>>> print(open('structure_10.txt').read())   # compact mmCIF, C-alpha atoms
# COMPACT_ATOMS: atom_id res chain seq x y z
CA MET Y 1 -101.65 82.69 30.84
CA GLY Y 2 -100.67 83.71 34.31
CA LEU Y 3 -97.36 83.21 36.01
CA PHE Y 4 -98.33 79.72 37.20
CA GLY Y 5 -100.05 78.56 34.01
CA LYS Y 6 -99.24 75.51 31.92
CA SER Y 7 -96.83 77.36 29.65
CA ALA Y 8 -94.59 78.27 32.59
CA ALA Y 9 -94.61 74.69 33.88
CA SER Y 10 -93.63 73.24 30.49
CA MET Y 11 -90.70 75.63 30.01
CA PRO Y 12 -87.31 73.95 30.56
CA SER Y 13 -85.52 75.19 33.64
CA MET Y 14 -81.91 76.26 34.12
CA SER Y 15 -80.23 75.69 37.47
CA LEU Y 16 -77.14 77.73 38.28
CA VAL Y 17 -74.41 77.03 40.80
CA ALA Y 18 -72.83 80.44 41.38
CA LYS Y 19 -69.11 81.11 41.37
CA GLN Y 20 -68.92 81.40 45.18
CA CYS Y 21 -70.87 78.16 45.81
CA ARG Y 22 -69.78 74.59 46.58
CA VAL Y 23 -72.46 71.91 46.33
CA PHE Y 24 -72.37 68.15 46.96
CA GLY Y 25 -74.83 65.36 46.20
CA GLU Y 26 -76.98 63.84 43.49
CA PHE Y 27 -78.44 66.27 40.96
CA ASP Y 28 -81.51 64.65 39.38
CA LEU Y 29 -83.07 67.06 36.93
CA ASP Y 30 -84.92 67.09 33.63
CA GLY Y 31 -83.60 70.51 32.65
CA ASP Y 32 -80.27 72.28 32.33
CA ILE Y 33 -77.58 73.06 34.90
CA GLN Y 34 -74.58 75.38 34.80
CA PHE Y 35 -71.66 75.26 37.23
CA ASP Y 36 -69.82 78.53 37.70
CA GLY Y 37 -68.74 77.28 41.15
CA GLN Y 38 -67.79 73.83 42.44
CA GLY Y 39 -69.80 70.64 42.50
CA GLU Y 40 -69.20 67.07 43.56
CA GLY Y 41 -71.44 64.03 43.15
CA THR Y 42 -73.61 62.72 40.34
CA ILE Y 43 -75.68 64.51 37.71
CA ILE Y 44 -78.41 62.33 36.18
CA ARG Y 45 -81.11 62.83 33.55
CA ALA Y 46 -79.93 66.35 32.68
CA ARG Y 47 -80.55 67.80 29.25
CA ASN Y 48 -77.63 70.26 29.12
CA VAL Y 49 -74.73 70.49 31.56
CA VAL Y 50 -72.37 73.46 31.31
CA ILE Y 51 -69.16 73.72 33.29
CA SER Y 52 -68.10 77.35 32.80
CA SER Y 53 -64.51 78.63 32.84
CA THR Y 54 -64.72 79.16 36.63
CA GLY Y 55 -66.55 75.86 37.23
CA HIS Y 56 -65.21 72.60 38.63
CA PHE Y 57 -67.15 69.34 38.89
CA LYS Y 58 -65.94 66.06 40.40
CA GLY Y 59 -68.06 62.97 39.84
CA ASP Y 60 -70.27 61.36 37.21
CA ILE Y 61 -72.33 63.20 34.60
CA TYR Y 62 -75.20 61.60 32.64
CA ALA Y 63 -76.76 64.06 30.19
CA GLU Y 64 -77.82 64.68 26.60
CA HIS Y 65 -75.24 67.40 26.00
CA VAL Y 66 -72.20 68.45 28.07
CA THR Y 67 -70.08 71.57 27.52
CA ILE Y 68 -66.83 71.82 29.46
CA ASN Y 69 -64.98 75.13 29.66
CA GLY Y 70 -63.74 74.59 33.23
CA PHE Y 71 -62.48 71.41 34.90
CA VAL Y 72 -64.23 68.03 35.24
CA GLU Y 73 -62.86 64.97 37.05
CA GLY Y 74 -64.75 61.69 36.73
CA SER Y 75 -66.88 60.17 34.01
CA CYS Y 76 -69.20 61.70 31.48
CA VAL Y 77 -71.85 59.76 29.54
CA ALA Y 78 -73.65 61.90 26.98
CA ARG Y 79 -74.86 61.98 23.41
CA GLU Y 80 -72.59 64.95 22.70
CA VAL Y 81 -69.60 66.38 24.61
CA ASN Y 82 -67.86 69.64 23.75
CA ILE Y 83 -64.59 70.58 25.43
CA LEU Y 84 -63.97 74.28 24.81
CA GLY Y 85 -60.64 76.16 24.70
CA ASN Y 86 -60.32 76.50 28.50
CA GLY Y 87 -61.87 73.10 29.23
CA LYS Y 88 -60.12 70.17 30.87
CA MET Y 89 -61.61 66.70 31.35
CA LYS Y 90 -59.78 64.15 33.50
CA GLY Y 91 -61.42 60.73 33.32
CA GLN Y 92 -63.61 58.83 30.91
CA ILE Y 93 -66.01 60.12 28.27
CA GLU Y 94 -68.59 57.88 26.62
CA SER Y 95 -70.35 59.73 23.82
CA GLU Y 96 -71.66 59.54 20.28
CA GLN Y 97 -69.89 62.79 19.39
CA LEU Y 98 -66.87 64.47 20.99
CA THR Y 99 -65.47 67.87 20.02
CA ILE Y 100 -62.30 69.34 21.52
CA GLU Y 101 -61.44 72.94 20.62
CA LYS Y 102 -57.84 74.13 20.33
CA GLY Y 103 -56.58 74.59 23.89
CA GLY Y 104 -59.05 72.07 25.35
CA CYS Y 105 -57.73 68.89 26.94
CA LEU Y 106 -58.90 65.32 27.58
CA MET Y 107 -56.70 63.46 30.06
CA GLY Y 108 -58.17 59.99 30.00
CA GLU Y 109 -60.24 57.80 27.73
CA ASN Y 110 -62.89 58.39 25.09
CA LYS Y 111 -65.28 55.55 24.30
CA LEU Y 112 -67.83 55.53 21.51
CA LYS Y 113 -71.29 55.13 23.02
CA ASP Y 114 -72.77 51.70 22.23
CA GLU Y 115 -74.61 51.54 18.96
CA PRO Y 116 -78.12 50.07 18.94
CA SER Y 117 -78.46 46.31 18.48
CA LEU Y 118 -78.67 44.93 14.97
CA THR Y 119 -80.46 41.84 13.73
CA VAL Y 120 -78.10 39.44 11.96
CA VAL Y 121 -79.26 36.60 9.72
CA ASN Y 122 -76.79 33.68 9.57
CA GLU Y 123 -76.33 31.36 6.59
CA ASP Y 124 -78.60 28.72 8.17
CA ASN Y 125 -81.45 31.32 8.13
CA THR Y 126 -81.59 31.68 11.93
CA THR Y 127 -82.05 35.18 13.24
CA LYS Y 128 -80.43 36.53 16.37
CA SER Y 129 -79.83 39.92 17.91
CA GLN Y 130 -76.26 41.09 18.41
CA SER Y 131 -74.59 44.33 19.32
CA SER Y 132 -72.86 46.07 16.43
CA SER Y 133 -69.41 45.14 17.77
CA GLU Y 134 -70.40 41.45 17.89
CA SER Y 135 -71.78 41.62 14.35
CA LYS Y 136 -68.53 43.19 13.14
CA LYS Y 137 -66.61 40.29 14.70
CA THR Y 138 -68.99 37.83 13.02
CA GLN Y 139 -68.53 39.47 9.64
CA ALA Y 140 -64.74 39.62 10.06
CA SER Y 141 -64.50 35.92 10.89
CA ALA Y 142 -66.77 34.80 8.04
>>> encode(input="structure_10.txt", output="structure tokens")
Amino acid sequence: MGLFGKSAASMPSMSLVAKQCRVFGEFDLDGDIQFDGQGEGTIIRARNVVISSTGHFKGDIYAEHVTINGFVEGSCVAREVNILGNGKMKGQIESEQLTIEKGGCLMGENKLKDEPSLTVVNEDNTTKSQSSSESKKTQASA
């Protein structure tokens, strides 16, 4: 296929914020983004977000996977978050999996991402949907 064929359009894209750049705003992307420079705002619907050792991001990040080797201030909601040896996160992380390498730092709070709802059957055979934390409370009080 040519340069503008279907295969090129379906390839995931990588956006790069260079070391000398400062950007502000809402970053709405389906692909990947790497910050070698500075950013401020909100990142939504990203697949992979990388904050390199020279990168700094202030704001909210919503992504599948986040790797922090620079500095992030704000909140991060992702399936998986990795804080590398030079990485610092100041704020709140909500994830299914968090890894912090030796030398990495989380200054704030880590919350386990909500588990999917479960169906609970009570003794009187009625069925209702509860979140997993509610069902744990129900089981603990029974």
>>> residues_near_point(input="structure_10.txt", point="(-64.4, 65.0, 19.3)", cutoff="10 Å", atoms="only C-alpha atoms", output="list of chain:residue names")
Y:Glu80, Y:Val81, Y:Asn82, Y:Ile83, Y:Ser95, Y:Glu96, Y:Gln97, Y:Leu98, Y:Thr99, Y:Ile100, Y:Glu101, Y:Leu106, Y:Asn110
>>> write_last_selection(input="structure_10.txt", atoms="C-alpha atoms", output="compact mmCIF listing (two decimals), keeping the file's coordinate frame")
# COMPACT_ATOMS: atom_id res chain seq x y z
CA GLU Y 80 -72.59 64.95 22.70
CA VAL Y 81 -69.60 66.38 24.61
CA ASN Y 82 -67.86 69.64 23.75
CA ILE Y 83 -64.59 70.58 25.43
CA SER Y 95 -70.35 59.73 23.82
CA GLU Y 96 -71.66 59.54 20.28
CA GLN Y 97 -69.89 62.79 19.39
CA LEU Y 98 -66.87 64.47 20.99
CA THR Y 99 -65.47 67.87 20.02
CA ILE Y 100 -62.30 69.34 21.52
CA GLU Y 101 -61.44 72.94 20.62
CA LEU Y 106 -58.90 65.32 27.58
CA ASN Y 110 -62.89 58.39 25.09
>>> residues_around(input="structure_10.txt", residues="segment 14-24 of chain Y", least_positions_apart="2", cutoff="12 Å", atoms="only C-alpha atoms", output="mmCIF file with C-alpha atoms, in the frame of the given file")
data_model
loop_
_atom_site.group_PDB
_atom_site.id
_atom_site.type_symbol
_atom_site.label_atom_id
_atom_site.label_comp_id
_atom_site.auth_asym_id
_atom_site.auth_seq_id
_atom_site.Cartn_x
_atom_site.Cartn_y
_atom_site.Cartn_z
ATOM 1 C CA MET Y 11 -90.700 75.630 30.010
ATOM 2 C CA PRO Y 12 -87.310 73.950 30.560
ATOM 3 C CA GLU Y 26 -76.980 63.840 43.490
ATOM 4 C CA PHE Y 27 -78.440 66.270 40.960
ATOM 5 C CA ASP Y 28 -81.510 64.650 39.380
ATOM 6 C CA LEU Y 29 -83.070 67.060 36.930
ATOM 7 C CA ASP Y 30 -84.920 67.090 33.630
ATOM 8 C CA GLY Y 31 -83.600 70.510 32.650
ATOM 9 C CA ASP Y 32 -80.270 72.280 32.330
ATOM 10 C CA ILE Y 33 -77.580 73.060 34.900
ATOM 11 C CA GLN Y 34 -74.580 75.380 34.800
ATOM 12 C CA PHE Y 35 -71.660 75.260 37.230
ATOM 13 C CA ASP Y 36 -69.820 78.530 37.700
ATOM 14 C CA GLY Y 37 -68.740 77.280 41.150
ATOM 15 C CA GLN Y 38 -67.790 73.830 42.440
ATOM 16 C CA GLY Y 39 -69.800 70.640 42.500
ATOM 17 C CA GLU Y 40 -69.200 67.070 43.560
ATOM 18 C CA GLY Y 41 -71.440 64.030 43.150
ATOM 19 C CA THR Y 42 -73.610 62.720 40.340
ATOM 20 C CA ILE Y 43 -75.680 64.510 37.710
ATOM 21 C CA ALA Y 46 -79.930 66.350 32.680
ATOM 22 C CA ARG Y 47 -80.550 67.800 29.250
ATOM 23 C CA ASN Y 48 -77.630 70.260 29.120
ATOM 24 C CA VAL Y 49 -74.730 70.490 31.560
ATOM 25 C CA VAL Y 50 -72.370 73.460 31.310
ATOM 26 C CA ILE Y 51 -69.160 73.720 33.290
ATOM 27 C CA SER Y 52 -68.100 77.350 32.800
ATOM 28 C CA SER Y 53 -64.510 78.630 32.840
ATOM 29 C CA THR Y 54 -64.720 79.160 36.630
ATOM 30 C CA GLY Y 55 -66.550 75.860 37.230
ATOM 31 C CA HIS Y 56 -65.210 72.600 38.630
ATOM 32 C CA PHE Y 57 -67.150 69.340 38.890
ATOM 33 C CA LYS Y 58 -65.940 66.060 40.400
ATOM 34 C CA GLY Y 59 -68.060 62.970 39.840
ATOM 35 C CA GLY Y 70 -63.740 74.590 33.230
#
>>> atom_distance(input="structure_10.txt", atom1="atom CA of Lys113 of chain Y", atom2="atom CA of Ile44 of chain Y")
16.6 Å
>>> closest_residue(input="structure_10.txt", among="Y:Ile68, Y:Leu112, Y:Ala63, Y:Met107", to="Gly85 of chain Y", atoms="all atoms listed in the file")
Y:Ile68
>>> atom_distance(input="structure_10.txt", atom1="atom CA of Met89 of chain Y", atom2="atom CA of Gly25 of chain Y")
19.9 Å
>>> atom_distance(input="structure_10.txt", atom1="atom CA of Gln92 of chain Y", atom2="atom CA of Ser13 of chain Y")
27.5 Å
>>> closest_residue(input="structure_10.txt", among="Y:Asp114, Y:Arg45, Y:Lys88, Y:Glu94", to="Thr67 of chain Y", atoms="all atoms listed in the file")
Y:Lys88
>>> residues_around(input="structure_10.txt", residues="Asp60 of chain Y", least_positions_apart="5", cutoff="6 Å", atoms="all atoms listed in the file", output="list of chain:residue names")
Y:Thr42, Y:Gly74, Y:Ser75, Y:Cys76
>>> write_last_selection(input="structure_10.txt", atoms="C-alpha atoms", output="PDB file, in the coordinates of the input")
ATOM      1  CA  THR Y  42     -73.610  62.720  40.340  1.00  0.00           C
ATOM      2  CA  GLY Y  74     -64.750  61.690  36.730  1.00  0.00           C
ATOM      3  CA  SER Y  75     -66.880  60.170  34.010  1.00  0.00           C
ATOM      4  CA  CYS Y  76     -69.200  61.700  31.480  1.00  0.00           C
TER       5      CYS Y  76
END
>>> axis_aligned_box(input="structure_10.txt", around="segment 20-25 of chain Y", padding_each_side="3 Å", output="JSON")
{"center_x": -71.9, "center_y": 73.4, "center_z": 46.1, "size_x": 11.9, "size_y": 22.0, "size_z": 7.8}
